[in-house]
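Visitor: Okay, here's the structure, questions in a sec.
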Amino acid sequence: MTNDKEPEPAARRGGWRAATETALYGPEGFYRSPEGPAGHFRTSVHASPLYAGAVALLLCRVDAALDHPDELAFVDMGAGRGELTEGVIAALPADVAARVRAYAVERAERPAGLDPRIEWRAAPPAGVTGLLFANEWLDNVPLDVVEVAADGTVRRVLVDAEGGETLAGPVEGADAEWLARWWPLAPEPGLRAEIGLPRDQAWAAAVATLARGVAVAVDYAHHRAARPPFGTLTGFAAGRGTTPVPDGSCDITAHVALDACALDGAALLTQRAALGALGVSSGRPPLSLASSDPAAYVRALARAGEAAELTAPGGLGDFGWLVQPVDVPLEGALLVDVADHEEE
């Protein structure tokens, strides 16, 4: 529980949203570091090339649903160092790759040696047709943290540069309305939540850049019926979870209320269901292959292991996929009966 006393003015840094913005994206921010996210934690993109292959297949299905436009956009939101964008381009059939215009959207500088076909941008392009894909982007859109104080009121949490917290005044206005709808808190001191309104707005703005196509957000997620009672704000550095300190030394992240982000017509799936629909299977290859082609058997076994990591219950397989169609049929884009996989 945080300190209810007012902080000294010199110690005040503001709410977690402002502090995170500076810590992640300021001149000395975590995401400006040369090693990038891959130097600190492992995402689905880094776990296996099967992931980029699945996204490439999804792009091909979106292409078909769009009736093969002359120019097909692939927009990678929160592109890191462009690893997913490069992997998708490499996995595309030649006829599709020839029509793809790839955009990597990231606030850090363009990395050296990136495929010259990739356009590096600080914001997504407007009015494009294709697939916008946001892998672990929304969890790094900064937001404010609130806590129930001793008097039962929900108050904004303030944080200083060393991570010390105090409580400010009661939450009001649009933030209070968001909490009431999406993350209501009982009047029990110490309960915490994260106000997801900035993420809802960021996602709506990203989706609005598509003239036609599909937007997908993949992230750690939770839903209204089972919000974590003490929030999810945490830090990551050097491959380990750590106390979040807004000084640029660590990633600062919080799980995403994807159900609040979803716009009309969207579907919510687990990564396990989504990748299954895109052909990623952890089934072991037949033992007969070990006799007829031992090298192929070893390769297939390795792919099965990588698929198992991407779809594992309790791990990456439990990530949420928010699939948002824009003027295309959702089932046609995913080739999956969304009703069978939609999350409550």
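Residues in the structure tokens are named by chain (A, B, ... in the order shown) and by number from 1 within that chain; ligands are numbered from 1 in the order shown.
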Residues at most 12 Å from Gly26 of chain A, counting only C-alpha atoms, excluding those fewer than 5 positions away in the same chain, as a PyMOL selection string?

Guide: chain A and resi 18-21+31-33+107-108+246-249

Visitor: Hey, what does DSSP flag as strand (DSSP E or B) within segment 85-308 of chain A? Can you give it to me as a ChimeraX atom specification?

Guide: /A:100-105,118-121,128-135,145-148,154-159,165-170,192-194,210-219,221,230,234-237,240-242,251-253,256,267-270

Visitor: So how far away is atom CA of Ala180 of chain A from atom CA of Asp259 of chain A, in Å?

Guide: 14.3 Å

Visitor: Name the residues in contact with Met77 of chain A at a cut-off of 10 Å, using only C-alpha atoms, excluding same-chain residues fewer than 5 positions from it; report them as a PDB file with all heavy atoms, in the first residue's frame.

Guide:
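Wrote result.pdb, looks like this:
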ATOM      1  N   GLY A  82      12.508  -3.999 -35.708  1.00  0.00           N
ATOM      2  CA  GLY A  82      12.051  -4.428 -37.017  1.00  0.00           C
ATOM      3  C   GLY A  82      12.102  -5.910 -37.265  1.00  0.00           C
ATOM      4  O   GLY A  82      11.942  -6.371 -38.399  1.00  0.00           O
ATOM      5  N   THR A  85       8.800  -7.352 -38.808  1.00  0.00           N
ATOM      6  CA  THR A  85       8.586  -6.874 -40.173  1.00  0.00           C
ATOM      7  C   THR A  85       9.487  -7.620 -41.147  1.00  0.00           C
ATOM      8  O   THR A  85       9.045  -8.064 -42.217  1.00  0.00           O
ATOM      9  CB  THR A  85       8.856  -5.364 -40.259  1.00  0.00           C
ATOM     10  OG1 THR A  85       8.288  -4.703 -39.133  1.00  0.00           O
ATOM     11  CG2 THR A  85       8.250  -4.780 -41.517  1.00  0.00           C
ATOM     12  N   TYR A 103       5.684  -1.054 -43.207  1.00  0.00           N
ATOM     13  CA  TYR A 103       5.959   0.077 -42.329  1.00  0.00           C
ATOM     14  C   TYR A 103       6.302  -0.450 -40.935  1.00  0.00           C
ATOM     15  O   TYR A 103       5.529  -1.231 -40.364  1.00  0.00           O
ATOM     16  CB  TYR A 103       4.739   0.993 -42.204  1.00  0.00           C
ATOM     17  CG  TYR A 103       4.202   1.533 -43.505  1.00  0.00           C
ATOM     18  CD1 TYR A 103       3.248   0.823 -44.235  1.00  0.00           C
ATOM     19  CD2 TYR A 103       4.623   2.763 -43.989  1.00  0.00           C
ATOM     20  CE1 TYR A 103       2.731   1.326 -45.414  1.00  0.00           C
ATOM     21  CE2 TYR A 103       4.106   3.282 -45.176  1.00  0.00           C
ATOM     22  CZ  TYR A 103       3.160   2.556 -45.885  1.00  0.00           C
ATOM     23  OH  TYR A 103       2.643   3.062 -47.059  1.00  0.00           O
ATOM     24  N   ALA A 104       7.416  -0.026 -40.395  1.00  0.00           N
ATOM     25  CA  ALA A 104       7.768  -0.333 -39.008  1.00  0.00           C
ATOM     26  C   ALA A 104       7.565   0.951 -38.200  1.00  0.00           C
ATOM     27  O   ALA A 104       8.218   1.966 -38.466  1.00  0.00           O
ATOM     28  CB  ALA A 104       9.208  -0.806 -38.897  1.00  0.00           C
ATOM     29  N   VAL A 105       6.653   0.900 -37.227  1.00  0.00           N
ATOM     30  CA  VAL A 105       6.294   2.088 -36.455  1.00  0.00           C
ATOM     31  C   VAL A 105       6.941   1.985 -35.085  1.00  0.00           C
ATOM     32  O   VAL A 105       6.614   1.090 -34.291  1.00  0.00           O
ATOM     33  CB  VAL A 105       4.767   2.232 -36.330  1.00  0.00           C
ATOM     34  CG1 VAL A 105       4.413   3.492 -35.551  1.00  0.00           C
ATOM     35  CG2 VAL A 105       4.126   2.251 -37.714  1.00  0.00           C
ATOM     36  N   GLU A 106       7.884   2.876 -34.818  1.00  0.00           N
ATOM     37  CA  GLU A 106       8.647   2.820 -33.569  1.00  0.00           C
ATOM     38  C   GLU A 106       9.224   4.200 -33.291  1.00  0.00           C
ATOM     39  O   GLU A 106       9.607   4.925 -34.213  1.00  0.00           O
ATOM     40  CB  GLU A 106       9.770   1.776 -33.700  1.00  0.00           C
ATOM     41  CG  GLU A 106      10.606   1.572 -32.456  1.00  0.00           C
ATOM     42  CD  GLU A 106       9.786   1.179 -31.247  1.00  0.00           C
ATOM     43  OE1 GLU A 106       9.283   0.037 -31.209  1.00  0.00           O
ATOM     44  OE2 GLU A 106       9.626   2.030 -30.356  1.00  0.00           O
ATOM     45  N   ARG A 121       8.910   4.605 -39.376  1.00  0.00           N
ATOM     46  CA  ARG A 121       8.078   5.767 -39.073  1.00  0.00           C
ATOM     47  C   ARG A 121       7.847   5.870 -37.573  1.00  0.00           C
ATOM     48  O   ARG A 121       7.827   4.868 -36.862  1.00  0.00           O
ATOM     49  CB  ARG A 121       6.718   5.658 -39.766  1.00  0.00           C
ATOM     50  CG  ARG A 121       6.762   5.600 -41.286  1.00  0.00           C
ATOM     51  CD  ARG A 121       5.373   5.366 -41.843  1.00  0.00           C
ATOM     52  NE  ARG A 121       4.454   6.423 -41.459  1.00  0.00           N
ATOM     53  CZ  ARG A 121       4.070   7.424 -42.244  1.00  0.00           C
ATOM     54  NH1 ARG A 121       4.528   7.497 -43.490  1.00  0.00           N
ATOM     55  NH2 ARG A 121       3.221   8.342 -41.828  1.00  0.00           N
ATOM     56  N   ALA A 122       7.586   7.100 -37.109  1.00  0.00           N
ATOM     57  CA  ALA A 122       7.230   7.324 -35.705  1.00  0.00           C
ATOM     58  C   ALA A 122       5.736   7.197 -35.474  1.00  0.00           C
ATOM     59  O   ALA A 122       5.292   7.080 -34.328  1.00  0.00           O
ATOM     60  CB  ALA A 122       7.704   8.706 -35.260  1.00  0.00           C
ATOM     61  N   ALA A 123       4.942   7.202 -36.540  1.00  0.00           N
ATOM     62  CA  ALA A 123       3.484   7.077 -36.440  1.00  0.00           C
ATOM     63  C   ALA A 123       2.995   6.277 -37.644  1.00  0.00           C
ATOM     64  O   ALA A 123       3.636   6.283 -38.705  1.00  0.00           O
ATOM     65  CB  ALA A 123       2.824   8.451 -36.410  1.00  0.00           C
ATOM     66  N   PRO A 124       1.880   5.573 -37.506  1.00  0.00           N
ATOM     67  CA  PRO A 124       1.406   4.759 -38.626  1.00  0.00           C
ATOM     68  C   PRO A 124       0.925   5.618 -39.782  1.00  0.00           C
ATOM     69  O   PRO A 124       0.451   6.741 -39.581  1.00  0.00           O
ATOM     70  CB  PRO A 124       0.246   3.961 -38.006  1.00  0.00           C
ATOM     71  CG  PRO A 124      -0.218   4.787 -36.845  1.00  0.00           C
ATOM     72  CD  PRO A 124       1.012   5.457 -36.312  1.00  0.00           C
ATOM     73  N   LEU A 132      -2.659  -4.143 -40.009  1.00  0.00           N
ATOM     74  CA  LEU A 132      -1.934  -3.453 -38.948  1.00  0.00           C
ATOM     75  C   LEU A 132      -1.795  -4.432 -37.798  1.00  0.00           C
ATOM     76  O   LEU A 132      -2.796  -4.963 -37.308  1.00  0.00           O
ATOM     77  CB  LEU A 132      -2.671  -2.185 -38.518  1.00  0.00           C
ATOM     78  CG  LEU A 132      -2.003  -1.332 -37.426  1.00  0.00           C
ATOM     79  CD1 LEU A 132      -2.289   0.154 -37.672  1.00  0.00           C
ATOM     80  CD2 LEU A 132      -2.484  -1.711 -36.023  1.00  0.00           C
ATOM     81  N   PHE A 133      -0.552  -4.683 -37.375  1.00  0.00           N
ATOM     82  CA  PHE A 133      -0.287  -5.707 -36.371  1.00  0.00           C
ATOM     83  C   PHE A 133       0.502  -5.093 -35.225  1.00  0.00           C
ATOM     84  O   PHE A 133       1.576  -4.516 -35.436  1.00  0.00           O
ATOM     85  CB  PHE A 133       0.502  -6.862 -36.993  1.00  0.00           C
ATOM     86  CG  PHE A 133       0.429  -8.138 -36.207  1.00  0.00           C
ATOM     87  CD1 PHE A 133      -0.617  -9.027 -36.390  1.00  0.00           C
ATOM     88  CD2 PHE A 133       1.410  -8.451 -35.275  1.00  0.00           C
ATOM     89  CE1 PHE A 133      -0.688 -10.217 -35.669  1.00  0.00           C
ATOM     90  CE2 PHE A 133       1.346  -9.621 -34.544  1.00  0.00           C
ATOM     91  CZ  PHE A 133       0.291 -10.510 -34.739  1.00  0.00           C
ATOM     92  N   ALA A 134      -0.029  -5.214 -34.012  1.00  0.00           N
ATOM     93  CA  ALA A 134       0.584  -4.591 -32.834  1.00  0.00           C
ATOM     94  C   ALA A 134       0.924  -5.675 -31.818  1.00  0.00           C
ATOM     95  O   ALA A 134       0.095  -6.052 -30.988  1.00  0.00           O
ATOM     96  CB  ALA A 134      -0.371  -3.565 -32.220  1.00  0.00           C
ATOM     97  N   ASN A 135       2.146  -6.195 -31.901  1.00  0.00           N
ATOM     98  CA  ASN A 135       2.583  -7.235 -30.966  1.00  0.00           C
ATOM     99  C   ASN A 135       3.210  -6.594 -29.732  1.00  0.00           C
ATOM    100  O   ASN A 135       4.252  -5.945 -29.827  1.00  0.00           O
ATOM    101  CB  ASN A 135       3.601  -8.161 -31.636  1.00  0.00           C
ATOM    102  CG  ASN A 135       3.989  -9.316 -30.739  1.00  0.00           C
ATOM    103  OD1 ASN A 135       3.207 -10.240 -30.528  1.00  0.00           O
ATOM    104  ND2 ASN A 135       5.188  -9.263 -30.181  1.00  0.00           N
ATOM    105  N   GLU A 136       2.570  -6.745 -28.593  1.00  0.00           N
ATOM    106  CA  GLU A 136       3.044  -6.176 -27.332  1.00  0.00           C
ATOM    107  C   GLU A 136       3.372  -4.682 -27.468  1.00  0.00           C
ATOM    108  O   GLU A 136       4.416  -4.212 -27.018  1.00  0.00           O
ATOM    109  CB  GLU A 136       4.237  -6.971 -26.791  1.00  0.00           C
ATOM    110  CG  GLU A 136       3.858  -8.400 -26.419  1.00  0.00           C
ATOM    111  CD  GLU A 136       4.934  -9.111 -25.627  1.00  0.00           C
ATOM    112  OE1 GLU A 136       5.456  -8.509 -24.664  1.00  0.00           O
ATOM    113  OE2 GLU A 136       5.252 -10.271 -25.966  1.00  0.00           O
ATOM    114  N   TRP A 137       2.463  -3.972 -28.101  1.00  0.00           N
ATOM    115  CA  TRP A 137       2.560  -2.513 -28.189  1.00  0.00           C
ATOM    116  C   TRP A 137       1.711  -1.840 -27.114  1.00  0.00           C
ATOM    117  O   TRP A 137       2.182  -0.969 -26.387  1.00  0.00           O
ATOM    118  CB  TRP A 137       2.119  -2.034 -29.574  1.00  0.00           C
ATOM    119  CG  TRP A 137       1.942  -0.547 -29.682  1.00  0.00           C
ATOM    120  CD1 TRP A 137       2.887   0.410 -29.451  1.00  0.00           C
ATOM    121  CD2 TRP A 137       0.741   0.155 -30.037  1.00  0.00           C
ATOM    122  NE1 TRP A 137       2.349   1.675 -29.651  1.00  0.00           N
ATOM    123  CE2 TRP A 137       1.036   1.538 -30.013  1.00  0.00           C
ATOM    124  CE3 TRP A 137      -0.547  -0.251 -30.383  1.00  0.00           C
ATOM    125  CZ2 TRP A 137       0.086   2.518 -30.313  1.00  0.00           C
ATOM    126  CZ3 TRP A 137      -1.493   0.717 -30.692  1.00  0.00           C
ATOM    127  CH2 TRP A 137      -1.176   2.074 -30.653  1.00  0.00           C
ATOM    128  N   LEU A 138       0.462  -2.275 -26.979  1.00  0.00           N
ATOM    129  CA  LEU A 138      -0.445  -1.585 -26.064  1.00  0.00           C
ATOM    130  C   LEU A 138       0.015  -1.649 -24.606  1.00  0.00           C
ATOM    131  O   LEU A 138      -0.243  -0.725 -23.834  1.00  0.00           O
ATOM    132  CB  LEU A 138      -1.857  -2.163 -26.188  1.00  0.00           C
ATOM    133  CG  LEU A 138      -2.645  -1.731 -27.422  1.00  0.00           C
ATOM    134  CD1 LEU A 138      -3.949  -2.518 -27.521  1.00  0.00           C
ATOM    135  CD2 LEU A 138      -2.924  -0.234 -27.410  1.00  0.00           C
ATOM    136  N   ALA A 206      -5.100   3.995 -34.005  1.00  0.00           N
ATOM    137  CA  ALA A 206      -4.362   3.109 -34.903  1.00  0.00           C
ATOM    138  C   ALA A 206      -5.306   2.449 -35.905  1.00  0.00           C
ATOM    139  O   ALA A 206      -5.012   2.389 -37.107  1.00  0.00           O
ATOM    140  CB  ALA A 206      -3.613   2.049 -34.097  1.00  0.00           C
ATOM    141  N   VAL A 216      -4.793  -6.018 -35.624  1.00  0.00           N
ATOM    142  CA  VAL A 216      -4.649  -7.049 -34.590  1.00  0.00           C
ATOM    143  C   VAL A 216      -3.742  -6.519 -33.487  1.00  0.00           C
ATOM    144  O   VAL A 216      -2.644  -6.023 -33.765  1.00  0.00           O
ATOM    145  CB  VAL A 216      -4.044  -8.348 -35.171  1.00  0.00           C
ATOM    146  CG1 VAL A 216      -3.866  -9.394 -34.067  1.00  0.00           C
ATOM    147  CG2 VAL A 216      -4.926  -8.906 -36.286  1.00  0.00           C
ATOM    148  N   ALA A 217      -4.212  -6.626 -32.254  1.00  0.00           N
ATOM    149  CA  ALA A 217      -3.376  -6.313 -31.086  1.00  0.00           C
ATOM    150  C   ALA A 217      -3.151  -7.601 -30.307  1.00  0.00           C
ATOM    151  O   ALA A 217      -4.117  -8.316 -29.990  1.00  0.00           O
ATOM    152  CB  ALA A 217      -4.041  -5.270 -30.197  1.00  0.00           C
TER     153      ALA A 217
END

Visitor: Going by DSSP on the backbone, which bits of segment 67-188 of chain A are helix (DSSP H, G or I)? Write them as number ranges by chain, please.

Guide: A: 83-91, 94-97, 138-140, 173-182

Visitor: Next, dump the selected residues to file, keeping only C-alpha atoms, as a PDB file, in the first residue's frame.

Guide:
ATOM      1  CA  GLU A  83      12.456  -8.150 -36.372  1.00  0.00           C
ATOM      2  CA  LEU A  84       8.804  -9.041 -37.063  1.00  0.00           C
ATOM      3  CA  THR A  85       8.586  -6.874 -40.173  1.00  0.00           C
ATOM      4  CA  GLU A  86      11.670  -8.489 -41.669  1.00  0.00           C
ATOM      5  CA  GLY A  87      10.415 -11.964 -40.782  1.00  0.00           C
ATOM      6  CA  VAL A  88       7.013 -11.353 -42.373  1.00  0.00           C
ATOM      7  CA  ILE A  89       8.529 -10.030 -45.603  1.00  0.00           C
ATOM      8  CA  ALA A  90      10.832 -13.044 -45.794  1.00  0.00           C
ATOM      9  CA  ALA A  91       7.940 -15.484 -45.283  1.00  0.00           C
ATOM     10  CA  ALA A  94       6.857 -13.671 -54.045  1.00  0.00           C
ATOM     11  CA  ASP A  95       3.647 -12.470 -55.706  1.00  0.00           C
ATOM     12  CA  VAL A  96       2.366 -11.009 -52.421  1.00  0.00           C
ATOM     13  CA  ALA A  97       5.741  -9.599 -51.340  1.00  0.00           C
ATOM     14  CA  LEU A 138      -0.445  -1.585 -26.064  1.00  0.00           C
ATOM     15  CA  ASP A 139       1.138  -2.817 -22.808  1.00  0.00           C
ATOM     16  CA  ASN A 140       3.734  -0.053 -23.236  1.00  0.00           C
ATOM     17  CA  GLY A 173     -14.200  12.799 -14.923  1.00  0.00           C
ATOM     18  CA  ALA A 174     -13.535  10.497 -17.870  1.00  0.00           C
ATOM     19  CA  ASP A 175     -11.032   8.419 -15.899  1.00  0.00           C
ATOM     20  CA  ALA A 176     -13.613   7.735 -13.177  1.00  0.00           C
ATOM     21  CA  GLU A 177     -16.178   6.823 -15.825  1.00  0.00           C
ATOM     22  CA  TRP A 178     -13.742   4.392 -17.438  1.00  0.00           C
ATOM     23  CA  LEU A 179     -13.046   2.710 -14.097  1.00  0.00           C
ATOM     24  CA  ALA A 180     -16.760   2.432 -13.293  1.00  0.00           C
ATOM     25  CA  ARG A 181     -17.428   0.701 -16.600  1.00  0.00           C
ATOM     26  CA  TRP A 182     -14.334  -1.421 -17.085  1.00  0.00           C
TER      27      TRP A 182
END

Visitor: From the set A:Thr311, A:Thr209, A:Thr270, A:Gln201, which residue has the shortest atom-to-atom contact distance to Ala221 of chain A, counting only C-alpha atoms?

Guide: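 Checking each of A:Thr311, A:Thr209, A:Thr270, A:Gln201 against Ala221 of chain A, counting only C-alpha atoms, the winner is A:Thr270.
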
Visitor: Using atom CA of Gly196 of chain A and atom CA of Trp16 of chain A as the two end points, give the distance in Å to one decimal.

Guide: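 About the pair atom CA of Gly196 of chain A and atom CA of Trp16 of chain A: they are 12.3 Å apart.
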
Visitor: So how far away is atom CA of Val45 of chain A from atom CA of Ala266 of chain A, in Å?

Guide: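 Rounded to one decimal, the two atoms are 23.3 Å apart.
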
Visitor: Could you name the residues that touch segment 308-310 of chain A at 9 Å or less, counting only C-alpha atoms, but leaving out those on the same chain fewer than 5 positions away, as a ChimeraX atom specification?

Guide: /A:44,47-48,50-51,271-272,275,280-283,303,315-317

Visitor: Can you list, as a ChimeraX atom specification, every protein, DNA or RNA residue that comes within 12 Å of Cys60 of chain A when you count only C-alpha atoms, leaving out same-chain residues fewer than 2 positions away?

Guide: /A:53-58,62-69,72-74,88-89,91-97,99-100,130-131,213-214,278,332-335

Visitor: Residues of the last selection are to be written out with N, CA, C and O atoms, as a compact mmCIF listing (two decimals), in the first residue's frame.

Guide:
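Generated file (out-v1.txt):
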# COMPACT_ATOMS: atom_id res chain seq x y z
N GLY A 53 5.91 -16.28 -39.61
CA GLY A 53 5.27 -17.04 -40.67
C GLY A 53 3.76 -17.03 -40.54
O GLY A 53 3.03 -16.92 -41.54
N ALA A 54 3.25 -17.12 -39.30
CA ALA A 54 1.81 -17.08 -39.08
C ALA A 54 1.24 -15.70 -39.42
O ALA A 54 0.17 -15.58 -40.01
N VAL A 55 1.98 -14.65 -39.05
CA VAL A 55 1.53 -13.29 -39.38
C VAL A 55 1.55 -13.09 -40.90
O VAL A 55 0.66 -12.44 -41.46
N ALA A 56 2.54 -13.65 -41.57
CA ALA A 56 2.60 -13.57 -43.03
C ALA A 56 1.40 -14.27 -43.65
O ALA A 56 0.80 -13.76 -44.61
N LEU A 57 1.01 -15.42 -43.09
CA LEU A 57 -0.16 -16.11 -43.60
C LEU A 57 -1.42 -15.28 -43.36
O LEU A 57 -2.31 -15.20 -44.23
N LEU A 58 -1.51 -14.66 -42.19
CA LEU A 58 -2.65 -13.78 -41.92
C LEU A 58 -2.69 -12.63 -42.93
O LEU A 58 -3.76 -12.28 -43.44
N VAL A 62 -5.72 -11.68 -45.40
CA VAL A 62 -6.28 -10.33 -45.50
C VAL A 62 -6.22 -9.87 -46.96
O VAL A 62 -7.16 -9.26 -47.48
N ASP A 63 -5.11 -10.15 -47.63
CA ASP A 63 -4.95 -9.81 -49.04
C ASP A 63 -6.08 -10.42 -49.87
O ASP A 63 -6.69 -9.75 -50.72
N ALA A 64 -6.37 -11.69 -49.61
CA ALA A 64 -7.45 -12.35 -50.34
C ALA A 64 -8.80 -11.73 -50.03
O ALA A 64 -9.64 -11.53 -50.91
N ALA A 65 -9.04 -11.41 -48.75
CA ALA A 65 -10.30 -10.79 -48.35
C ALA A 65 -10.47 -9.41 -48.99
O ALA A 65 -11.59 -8.95 -49.21
N LEU A 66 -9.34 -8.75 -49.29
CA LEU A 66 -9.36 -7.44 -49.92
C LEU A 66 -9.34 -7.53 -51.45
O LEU A 66 -9.26 -6.49 -52.13
N ASP A 67 -9.37 -8.75 -51.96
CA ASP A 67 -9.35 -8.99 -53.41
C ASP A 67 -8.05 -8.51 -54.04
O ASP A 67 -8.03 -7.93 -55.13
N HIS A 68 -6.95 -8.75 -53.33
CA HIS A 68 -5.59 -8.56 -53.87
C HIS A 68 -5.35 -7.15 -54.42
O HIS A 68 -5.18 -6.95 -55.63
N PRO A 69 -5.33 -6.16 -53.55
CA PRO A 69 -5.11 -4.78 -54.02
C PRO A 69 -3.72 -4.61 -54.62
O PRO A 69 -2.80 -5.39 -54.36
N LEU A 72 -0.49 -3.47 -50.87
CA LEU A 72 -0.96 -4.10 -49.63
C LEU A 72 -0.04 -3.65 -48.50
O LEU A 72 1.17 -3.88 -48.54
N ALA A 73 -0.60 -3.01 -47.49
CA ALA A 73 0.21 -2.49 -46.39
C ALA A 73 0.37 -3.53 -45.29
O ALA A 73 -0.58 -4.25 -44.95
N PHE A 74 1.57 -3.60 -44.74
CA PHE A 74 1.80 -4.30 -43.49
C PHE A 74 2.39 -3.27 -42.52
O PHE A 74 3.49 -2.74 -42.76
N VAL A 88 8.23 -11.25 -41.56
CA VAL A 88 7.01 -11.35 -42.37
C VAL A 88 7.34 -11.21 -43.85
O VAL A 88 6.88 -12.01 -44.69
N ILE A 89 8.15 -10.22 -44.20
CA ILE A 89 8.53 -10.03 -45.60
C ILE A 89 9.21 -11.28 -46.15
O ILE A 89 8.93 -11.74 -47.26
N ALA A 91 8.82 -14.32 -45.23
CA ALA A 91 7.94 -15.48 -45.28
C ALA A 91 6.84 -15.37 -46.34
O ALA A 91 6.13 -16.34 -46.58
N LEU A 92 6.69 -14.22 -46.97
CA LEU A 92 5.61 -14.02 -47.94
C LEU A 92 5.91 -14.68 -49.28
O LEU A 92 7.07 -14.69 -49.72
N PRO A 93 4.89 -15.20 -49.95
CA PRO A 93 5.09 -15.64 -51.33
C PRO A 93 5.52 -14.46 -52.19
O PRO A 93 5.16 -13.30 -51.92
N ALA A 94 6.27 -14.73 -53.23
CA ALA A 94 6.86 -13.67 -54.05
C ALA A 94 5.80 -12.75 -54.64
O ALA A 94 5.99 -11.52 -54.70
N ASP A 95 4.66 -13.31 -55.06
CA ASP A 95 3.65 -12.47 -55.71
C ASP A 95 3.01 -11.50 -54.72
O ASP A 95 2.64 -10.38 -55.09
N VAL A 96 2.91 -11.90 -53.44
CA VAL A 96 2.37 -11.01 -52.42
C VAL A 96 3.44 -10.01 -51.99
O VAL A 96 3.18 -8.81 -51.88
N ALA A 97 4.65 -10.48 -51.77
CA ALA A 97 5.74 -9.60 -51.34
C ALA A 97 5.96 -8.47 -52.33
O ALA A 97 6.30 -7.34 -51.93
N ARG A 99 3.81 -6.79 -53.85
CA ARG A 99 2.80 -5.74 -53.70
C ARG A 99 2.78 -5.14 -52.29
O ARG A 99 2.02 -4.20 -52.02
N VAL A 100 3.58 -5.68 -51.39
CA VAL A 100 3.54 -5.22 -50.00
C VAL A 100 4.37 -3.97 -49.80
O VAL A 100 5.50 -3.87 -50.28
N GLY A 130 -4.74 -3.00 -45.74
CA GLY A 130 -3.94 -4.17 -45.41
C GLY A 130 -4.08 -4.59 -43.97
O GLY A 130 -5.17 -4.58 -43.41
N LEU A 131 -2.95 -4.94 -43.35
CA LEU A 131 -2.92 -5.48 -41.99
C LEU A 131 -2.08 -4.59 -41.10
O LEU A 131 -0.91 -4.31 -41.40
N GLY A 213 -9.17 -3.33 -44.16
CA GLY A 213 -8.24 -4.36 -43.73
C GLY A 213 -8.56 -4.89 -42.36
O GLY A 213 -9.72 -4.92 -41.93
N VAL A 214 -7.52 -5.30 -41.65
CA VAL A 214 -7.66 -5.90 -40.32
C VAL A 214 -6.57 -5.33 -39.42
O VAL A 214 -5.42 -5.18 -39.84
N LEU A 278 -4.06 -20.33 -37.78
CA LEU A 278 -3.07 -19.94 -38.77
C LEU A 278 -2.03 -21.03 -39.00
O LEU A 278 -0.94 -20.79 -39.53
N GLY A 332 -13.54 -14.24 -43.07
CA GLY A 332 -12.77 -14.39 -44.29
C GLY A 332 -11.30 -14.09 -44.09
O GLY A 332 -10.44 -14.71 -44.70
N ALA A 333 -11.02 -13.16 -43.19
CA ALA A 333 -9.63 -12.78 -42.95
C ALA A 333 -8.88 -13.83 -42.15
O ALA A 333 -7.72 -14.13 -42.41
N LEU A 334 -9.55 -14.42 -41.16
CA LEU A 334 -8.88 -15.39 -40.30
C LEU A 334 -9.13 -16.84 -40.73
O LEU A 334 -8.43 -17.74 -40.31
N LEU A 335 -10.14 -17.07 -41.54
CA LEU A 335 -10.56 -18.42 -41.89
C LEU A 335 -10.79 -19.26 -40.64
O LEU A 335 -10.29 -20.37 -40.50

Visitor: Can you tell me, as a PyMOL selection string, what residues are no more than 6 Å from segment 228-244 of chain A when counting only C-alpha atoms, ignoring any on the same chain fewer than 2 positions away?

Guide: chain A and resi 40-41+191-193+250-255

Visitor: Could you write out the selected residues, including N, CA, C and O atoms, as a compact mmCIF listing (two decimals), in the first residue's frame?

Guide:
# COMPACT_ATOMS: atom_id res chain seq x y z
N HIS A 40 16.36 -7.45 -23.39
CA HIS A 40 15.86 -7.54 -22.03
C HIS A 40 14.78 -8.60 -21.83
O HIS A 40 14.63 -9.14 -20.74
N PHE A 41 13.99 -8.88 -22.85
CA PHE A 41 12.93 -9.87 -22.68
C PHE A 41 12.60 -10.54 -24.01
O PHE A 41 12.94 -10.04 -25.08
N LEU A 191 -6.67 -1.92 -2.79
CA LEU A 191 -6.98 -2.41 -4.12
C LEU A 191 -6.48 -1.42 -5.16
O LEU A 191 -6.55 -0.20 -4.96
N ARG A 192 -5.98 -1.94 -6.28
CA ARG A 192 -5.40 -1.07 -7.31
C ARG A 192 -5.94 -1.42 -8.68
O ARG A 192 -6.42 -2.54 -8.93
N ALA A 193 -5.84 -0.46 -9.58
CA ALA A 193 -6.22 -0.66 -10.99
C ALA A 193 -5.37 0.26 -11.84
O ALA A 193 -4.72 1.19 -11.34
N CYS A 250 14.57 0.28 -16.78
CA CYS A 250 13.81 -0.95 -17.00
C CYS A 250 12.57 -0.65 -17.85
O CYS A 250 12.14 0.50 -17.96
N ASP A 251 12.05 -1.70 -18.45
CA ASP A 251 10.75 -1.59 -19.11
C ASP A 251 9.69 -1.41 -18.03
O ASP A 251 9.80 -1.99 -16.94
N ILE A 252 8.69 -0.61 -18.32
CA ILE A 252 7.54 -0.47 -17.41
C ILE A 252 6.31 -0.87 -18.21
O ILE A 252 6.03 -0.30 -19.27
N THR A 253 5.59 -1.85 -17.72
CA THR A 253 4.51 -2.44 -18.49
C THR A 253 3.36 -2.81 -17.58
O THR A 253 3.54 -2.99 -16.38
N ALA A 254 2.20 -2.92 -18.17
CA ALA A 254 1.01 -3.40 -17.45
C ALA A 254 0.14 -4.14 -18.44
O ALA A 254 0.07 -3.78 -19.63
N HIS A 255 -0.52 -5.19 -17.98
CA HIS A 255 -1.39 -5.96 -18.85
C HIS A 255 -2.50 -5.08 -19.41
O HIS A 255 -2.80 -4.01 -18.86

Visitor: Just checking: using only C-alpha atoms, which residue out of A:Ala205, A:Glu165, A:Val146, A:Arg81 ends up closest to Ala112 of chain A?

Guide: A:Arg81
